[in-house]
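The data block below is structure_2.pdb; it holds PDB, C-alpha atoms.
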```pdb
ATOM      1  CA  MET M  28     -46.727  63.273 -10.537
ATOM      2  CA  THR M  29     -46.543  59.504 -10.253
ATOM      3  CA  PRO M  30     -48.605  58.159  -7.354
ATOM      4  CA  PHE M  31     -46.875  55.877  -4.872
ATOM      5  CA  ILE M  32     -47.737  52.242  -5.375
ATOM      6  CA  LYS M  33     -48.393  50.040  -2.366
ATOM      7  CA  LYS M  34     -46.377  46.888  -1.820
ATOM      8  CA  LYS M  35     -49.460  44.676  -2.166
ATOM      9  CA  ASP M  36     -50.254  46.221  -5.575
ATOM     10  CA  ILE M  37     -46.824  45.463  -7.058
ATOM     11  CA  LYS M  38     -47.011  42.754  -9.720
ATOM     12  CA  ASN M  39     -43.711  41.259 -10.836
ATOM     13  CA  ASN M  40     -43.515  39.859 -14.350
ATOM     14  CA  TRP M  41     -40.928  37.359 -15.567
ATOM     15  CA  TYR M  42     -38.936  37.948 -18.750
ATOM     16  CA  ILE M  43     -36.633  35.516 -20.544
ATOM     17  CA  VAL M  44     -33.776  36.509 -22.848
ATOM     18  CA  ASN M  45     -31.640  34.172 -24.933
ATOM     19  CA  GLY M  46     -28.071  35.486 -24.544
ATOM     20  CA  GLU M  47     -26.646  33.819 -27.643
ATOM     21  CA  ASN M  48     -24.384  36.238 -29.609
ATOM     22  CA  LEU M  49     -25.671  39.278 -27.677
ATOM     23  CA  VAL M  50     -23.435  42.224 -26.770
ATOM     24  CA  VAL M  51     -22.791  42.318 -23.005
ATOM     25  CA  GLY M  52     -23.151  46.062 -22.399
ATOM     26  CA  ARG M  53     -26.387  46.453 -24.332
ATOM     27  CA  LEU M  54     -27.898  43.401 -22.676
ATOM     28  CA  ALA M  55     -26.817  44.614 -19.219
ATOM     29  CA  ALA M  56     -28.362  48.045 -19.830
ATOM     30  CA  TYR M  57     -31.695  46.458 -20.767
ATOM     31  CA  ILE M  58     -31.609  44.044 -17.812
ATOM     32  CA  SER M  59     -30.795  46.776 -15.283
ATOM     33  CA  LYS M  60     -33.703  48.863 -16.590
ATOM     34  CA  VAL M  61     -36.121  45.963 -16.130
ATOM     35  CA  LEU M  62     -34.730  44.995 -12.699
ATOM     36  CA  ARG M  63     -35.237  48.542 -11.413
ATOM     37  CA  GLY M  64     -38.743  48.749 -12.854
ATOM     38  CA  LYS M  65     -38.047  51.645 -15.212
ATOM     39  CA  ASN M  66     -40.009  49.899 -17.938
ATOM     40  CA  LYS M  67     -43.206  50.411 -15.916
ATOM     41  CA  ALA M  68     -45.366  53.500 -15.520
ATOM     42  CA  GLN M  69     -45.288  53.134 -11.714
ATOM     43  CA  PHE M  70     -41.493  53.522 -11.378
ATOM     44  CA  ASN M  71     -40.280  54.804  -8.028
ATOM     45  CA  PRO M  72     -36.538  55.040  -7.325
ATOM     46  CA  ASN M  73     -36.977  54.044  -3.677
ATOM     47  CA  GLN M  74     -39.173  50.964  -4.253
ATOM     48  CA  ASP M  75     -38.438  47.534  -5.623
ATOM     49  CA  ASN M  76     -41.142  47.143  -8.245
ATOM     50  CA  GLY M  77     -38.887  45.660 -10.929
ATOM     51  CA  ASP M  78     -39.401  42.398 -12.761
ATOM     52  CA  PHE M  79     -37.508  39.109 -12.804
ATOM     53  CA  VAL M  80     -35.153  38.445 -15.728
ATOM     54  CA  ILE M  81     -33.977  34.995 -16.854
ATOM     55  CA  VAL M  82     -30.957  34.883 -19.171
ATOM     56  CA  THR M  83     -30.169  31.598 -20.922
ATOM     57  CA  ASN M  84     -27.073  30.661 -22.958
ATOM     58  CA  ILE M  85     -24.854  33.041 -20.966
ATOM     59  CA  GLU M  86     -21.743  31.184 -22.089
ATOM     60  CA  LYS M  87     -22.361  32.591 -25.611
ATOM     61  CA  ILE M  88     -22.540  36.324 -24.780
ATOM     62  CA  LYS M  89     -19.900  38.461 -26.500
ATOM     63  CA  PHE M  90     -18.028  41.734 -26.232
ATOM     64  CA  SER M  91     -17.621  44.063 -29.190
ATOM     65  CA  GLY M  92     -14.141  45.067 -30.266
ATOM     66  CA  LYS M  93     -11.143  43.849 -28.271
ATOM     67  CA  LYS M  94     -12.834  44.173 -24.871
ATOM     68  CA  ASN M  95     -12.757  40.424 -24.313
ATOM     69  CA  LYS M  96      -8.942  40.570 -23.942
ATOM     70  CA  ASN M  97      -8.252  44.180 -22.954
ATOM     71  CA  LYS M  98     -11.018  44.843 -20.391
ATOM     72  CA  LYS M  99     -10.016  44.243 -16.777
ATOM     73  CA  TYR M 100     -12.109  43.705 -13.650
ATOM     74  CA  TYR M 101     -10.284  44.959 -10.559
ATOM     75  CA  LYS M 102     -10.656  44.082  -6.894
ATOM     76  CA  HIS M 103      -8.529  44.852  -3.855
ATOM     77  CA  THR M 104      -7.800  42.459  -1.021
ATOM     78  CA  GLY M 105      -7.431  45.262   1.520
ATOM     79  CA  HIS M 106      -3.724  44.616   2.047
ATOM     80  CA  PRO M 107      -0.918  46.791   0.640
ATOM     81  CA  GLY M 108      -0.191  45.791  -2.941
ATOM     82  CA  GLY M 109      -3.277  43.590  -2.984
ATOM     83  CA  ILE M 110      -4.893  44.750  -6.214
ATOM     84  CA  LYS M 111      -6.025  41.862  -8.414
ATOM     85  CA  ASN M 112      -7.381  41.923 -11.950
ATOM     86  CA  ILE M 113      -8.913  39.458 -14.365
ATOM     87  CA  SER M 114     -10.093  39.731 -17.965
ATOM     88  CA  PRO M 115     -13.460  38.491 -19.291
ATOM     89  CA  GLU M 116     -11.568  35.987 -21.457
ATOM     90  CA  LYS M 117     -10.075  34.326 -18.369
ATOM     91  CA  LEU M 118     -13.447  34.366 -16.575
ATOM     92  CA  ALA M 119     -14.994  32.551 -19.542
ATOM     93  CA  GLU M 120     -12.170  29.975 -19.473
ATOM     94  CA  LYS M 121     -12.977  29.294 -15.815
ATOM     95  CA  ASN M 122     -16.671  28.763 -16.735
ATOM     96  CA  LYS M 123     -17.696  31.936 -14.909
ATOM     97  CA  SER M 124     -19.568  33.645 -17.739
ATOM     98  CA  GLN M 125     -22.326  34.498 -15.285
ATOM     99  CA  ASP M 126     -19.867  36.783 -13.446
ATOM    100  CA  ILE M 127     -19.230  38.804 -16.620
ATOM    101  CA  LEU M 128     -22.911  39.659 -16.994
ATOM    102  CA  LYS M 129     -23.423  40.029 -13.244
ATOM    103  CA  PHE M 130     -20.562  42.576 -12.970
ATOM    104  CA  ALA M 131     -22.006  44.579 -15.867
ATOM    105  CA  VAL M 132     -25.549  44.640 -14.455
ATOM    106  CA  LYS M 133     -24.431  45.281 -10.868
ATOM    107  CA  ARG M 134     -22.422  48.321 -11.908
ATOM    108  CA  MET M 135     -25.415  49.773 -13.761
ATOM    109  CA  LEU M 136     -27.622  49.597 -10.671
ATOM    110  CA  PRO M 137     -27.386  52.280  -7.960
ATOM    111  CA  GLY M 138     -25.457  51.276  -4.843
ATOM    112  CA  GLY M 139     -27.114  50.184  -1.630
ATOM    113  CA  PRO M 140     -29.350  47.507  -0.157
ATOM    114  CA  LEU M 141     -32.112  48.074  -2.721
ATOM    115  CA  ALA M 142     -29.735  47.323  -5.605
ATOM    116  CA  LYS M 143     -28.685  44.072  -3.937
ATOM    117  CA  LYS M 144     -32.342  43.049  -3.681
ATOM    118  CA  GLN M 145     -32.953  43.989  -7.319
ATOM    119  CA  LEU M 146     -29.877  42.064  -8.490
ATOM    120  CA  SER M 147     -31.232  38.929  -6.813
ATOM    121  CA  LYS M 148     -34.068  38.992  -9.386
ATOM    122  CA  LEU M 149     -31.567  38.204 -12.161
ATOM    123  CA  LYS M 150     -31.385  34.478 -12.945
ATOM    124  CA  MET M 151     -28.661  33.228 -15.300
ATOM    125  CA  TYR M 152     -28.279  29.740 -16.780
ATOM    126  CA  TYR M 153     -25.921  27.885 -19.104
ATOM    127  CA  GLY M 154     -27.732  26.346 -22.059
ATOM    128  CA  ASP M 155     -31.437  26.627 -22.856
ATOM    129  CA  LYS M 156     -32.877  24.922 -19.764
ATOM    130  CA  HIS M 157     -34.125  26.810 -16.709
ATOM    131  CA  PRO M 158     -36.354  25.836 -13.743
ATOM    132  CA  HIS M 159     -38.711  28.833 -14.037
ATOM    133  CA  SER M 160     -41.135  27.560 -16.670
ATOM    134  CA  THR M 161     -44.014  27.572 -14.145
ATOM    135  CA  GLN M 162     -43.770  31.378 -13.909
ATOM    136  CA  ASN M 163     -44.666  31.634 -17.633
ATOM    137  CA  PRO M 164     -41.902  34.097 -18.567
ATOM    138  CA  ILE M 165     -42.476  36.539 -21.405
ATOM    139  CA  GLU M 166     -39.904  35.949 -24.142
ATOM    140  CA  VAL M 167     -37.981  39.064 -25.181
ATOM    141  CA  ASN M 168     -36.395  38.831 -28.623
ATOM    142  CA  PHE M 169     -33.551  41.203 -27.752
ATOM    143  CA  SER M 170     -31.735  40.654 -31.040
ATOM    144  CA  LYS M 171     -34.689  42.122 -32.977
ATOM    145  CA  LEU M 172     -34.845  45.350 -30.924
ATOM    146  CA  ASN M 173     -31.701  46.787 -32.557
ATOM    147  CA  ARG M 174     -29.283  45.380 -35.124
ATOM    148  CA  LYS M 175     -26.318  46.404 -32.921
ATOM    149  CA  ASN M 176     -27.501  44.111 -30.101
ATOM    150  CA  VAL M 177     -26.193  41.038 -31.947
ATOM    151  CA  LEU M 178     -22.560  40.279 -32.714
ATOM    152  CA  GLU M 179     -22.153  37.660 -35.435
ATOM    153  CA  ASN M 180     -18.604  36.258 -35.414
TER     154      ASN M 180
END
```
Represent the supplied structure as structure tokens.
Amino acid sequence: MTPFIKKKDIKNNWYIVNGENLVVGRLAAYISKVLRGKNKAQFNPNQDNGDFVIVTNIEKIKFSGKKNKNKKYYKHTGHPGGIKNISPEKLAEKNKSQDILKFAVKRMLPGGPLAKKQLSKLKMYYGDKHPHSTQNPIEVNFSKLNRKNVLEN
């Protein structure tokens, strides 16, 4: 049985991932695991003891196969006939690559207020620069974890 950890004992680490040529789904699965705190021994599903994740170069993340054109993100306006959809290709054209990764991570987290709090620990930036260097983030070489994590095209 895992003992409950007190809020004052929770220590949040910072991780940084370079998103260049990484596959969206695999990256999102890793990020959601870290945001929830499942990479720690003190994991509790009802506590926010996850870590912060910084993703750089999000404009260079990729989908495998034809998902970039064929995948659709749906939303409904609430009015009759108000269903809207958009593809990741069009989101990238509008310089909204952060929404592609955010949708993927958000849908891998459980619903509710805790998931919203955990999602706020995800920081995404275009290019290599980020303002979190004072937190001394731990660099995760995600491309070396599995050869399928990288898409060279």
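Residues matched by the PyMOL selection byres ((chain M and resi 102) around 12) in this file are Lys99, Tyr100, Tyr101, His103, Thr104, Gly105, His106, Gly108, Gly109, Ile110, Lys111, Asn112, Ile113, Ser114 and Phe130 of chain M.
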Hits from the PyMOL selection byres ((chain M and resi 81) around 9), listed as a PyMOL selection string: chain M and resi 41-45+79-80+82-83+148-152+157+159+164
Can you write out the residues you just picked, keeping C-alpha atoms, as an mmCIF file, in the frame of the given file?
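Wrote again_12.cif, looks like this:
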```
data_model
loop_
_atom_site.group_PDB
_atom_site.id
_atom_site.type_symbol
_atom_site.label_atom_id
_atom_site.label_comp_id
_atom_site.auth_asym_id
_atom_site.auth_seq_id
_atom_site.Cartn_x
_atom_site.Cartn_y
_atom_site.Cartn_z
ATOM 1 C CA TRP M 41 -40.928 37.359 -15.567
ATOM 2 C CA TYR M 42 -38.936 37.948 -18.750
ATOM 3 C CA ILE M 43 -36.633 35.516 -20.544
ATOM 4 C CA VAL M 44 -33.776 36.509 -22.848
ATOM 5 C CA ASN M 45 -31.640 34.172 -24.933
ATOM 6 C CA PHE M 79 -37.508 39.109 -12.804
ATOM 7 C CA VAL M 80 -35.153 38.445 -15.728
ATOM 8 C CA VAL M 82 -30.957 34.883 -19.171
ATOM 9 C CA THR M 83 -30.169 31.598 -20.922
ATOM 10 C CA LYS M 148 -34.068 38.992 -9.386
ATOM 11 C CA LEU M 149 -31.567 38.204 -12.161
ATOM 12 C CA LYS M 150 -31.385 34.478 -12.945
ATOM 13 C CA MET M 151 -28.661 33.228 -15.300
ATOM 14 C CA TYR M 152 -28.279 29.740 -16.780
ATOM 15 C CA HIS M 157 -34.125 26.810 -16.709
ATOM 16 C CA HIS M 159 -38.711 28.833 -14.037
ATOM 17 C CA PRO M 164 -41.902 34.097 -18.567
#
```
Give me the result of the PyMOL selection byres ((chain M and resi 65-71) around 12) on this file, residue by residue, as a ChimeraX atom specification. /M:28-34,36-40,56-64,72-78,136,141
Atom-to-atom span, atom CA of M:Ser91 and atom CA of M:Lys171, Å: 17.6 Å
Which residues are near M:Val50? Cut-off 12 Å, only C-alpha atoms, ignore same chain within fewer than 6 positions. Put them as a PyMOL selection string. chain M and resi 56-57+85+87-92+94-95+127-128+131+169-170+173-180
Between M:Pro115, M:Leu146, M:Pro140, M:Lys129, single out the one closest to M:Asn97, counting only C-alpha atoms.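 Of M:Pro115, M:Leu146, M:Pro140, M:Lys129, the one nearest M:Asn97, counting only C-alpha atoms, is M:Pro115.
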So the first atom is atom CA of M:Ile165 and the second is atom CA of M:Leu49; what is the distance between them in Å, to one decimal place? 18.1 Å
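Taking atom CA of M:Glu116 and atom CA of M:Gly139 as endpoints, the distance between them is 28.9 Å.
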Give me, as a list in words, all polymer residues having an atom no more than 8 Å from M:Asn122, counting all atoms listed in the file and skipping those fewer than 3 positions away in the same chain.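 Surrounding residues, per the criterion: Glu86, Leu118 and Ala119 of chain M.
For the set M:Ser147, M:Leu172, M:Lys96, M:Gly46, the residue with the smallest atom-to-atom gap to M:Glu120 is M:Lys96, counting all atoms listed in the file.
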Centre and size of axis-aligned box enclosing stretch 40-53 of chain M plus 8 Å each side, as lines of an AutoDock Vina configuration file:
```
center_x = -33.2
center_y = 40.1
center_z = -22.0
size_x = 36.7
size_y = 28.6
size_z = 31.3
```
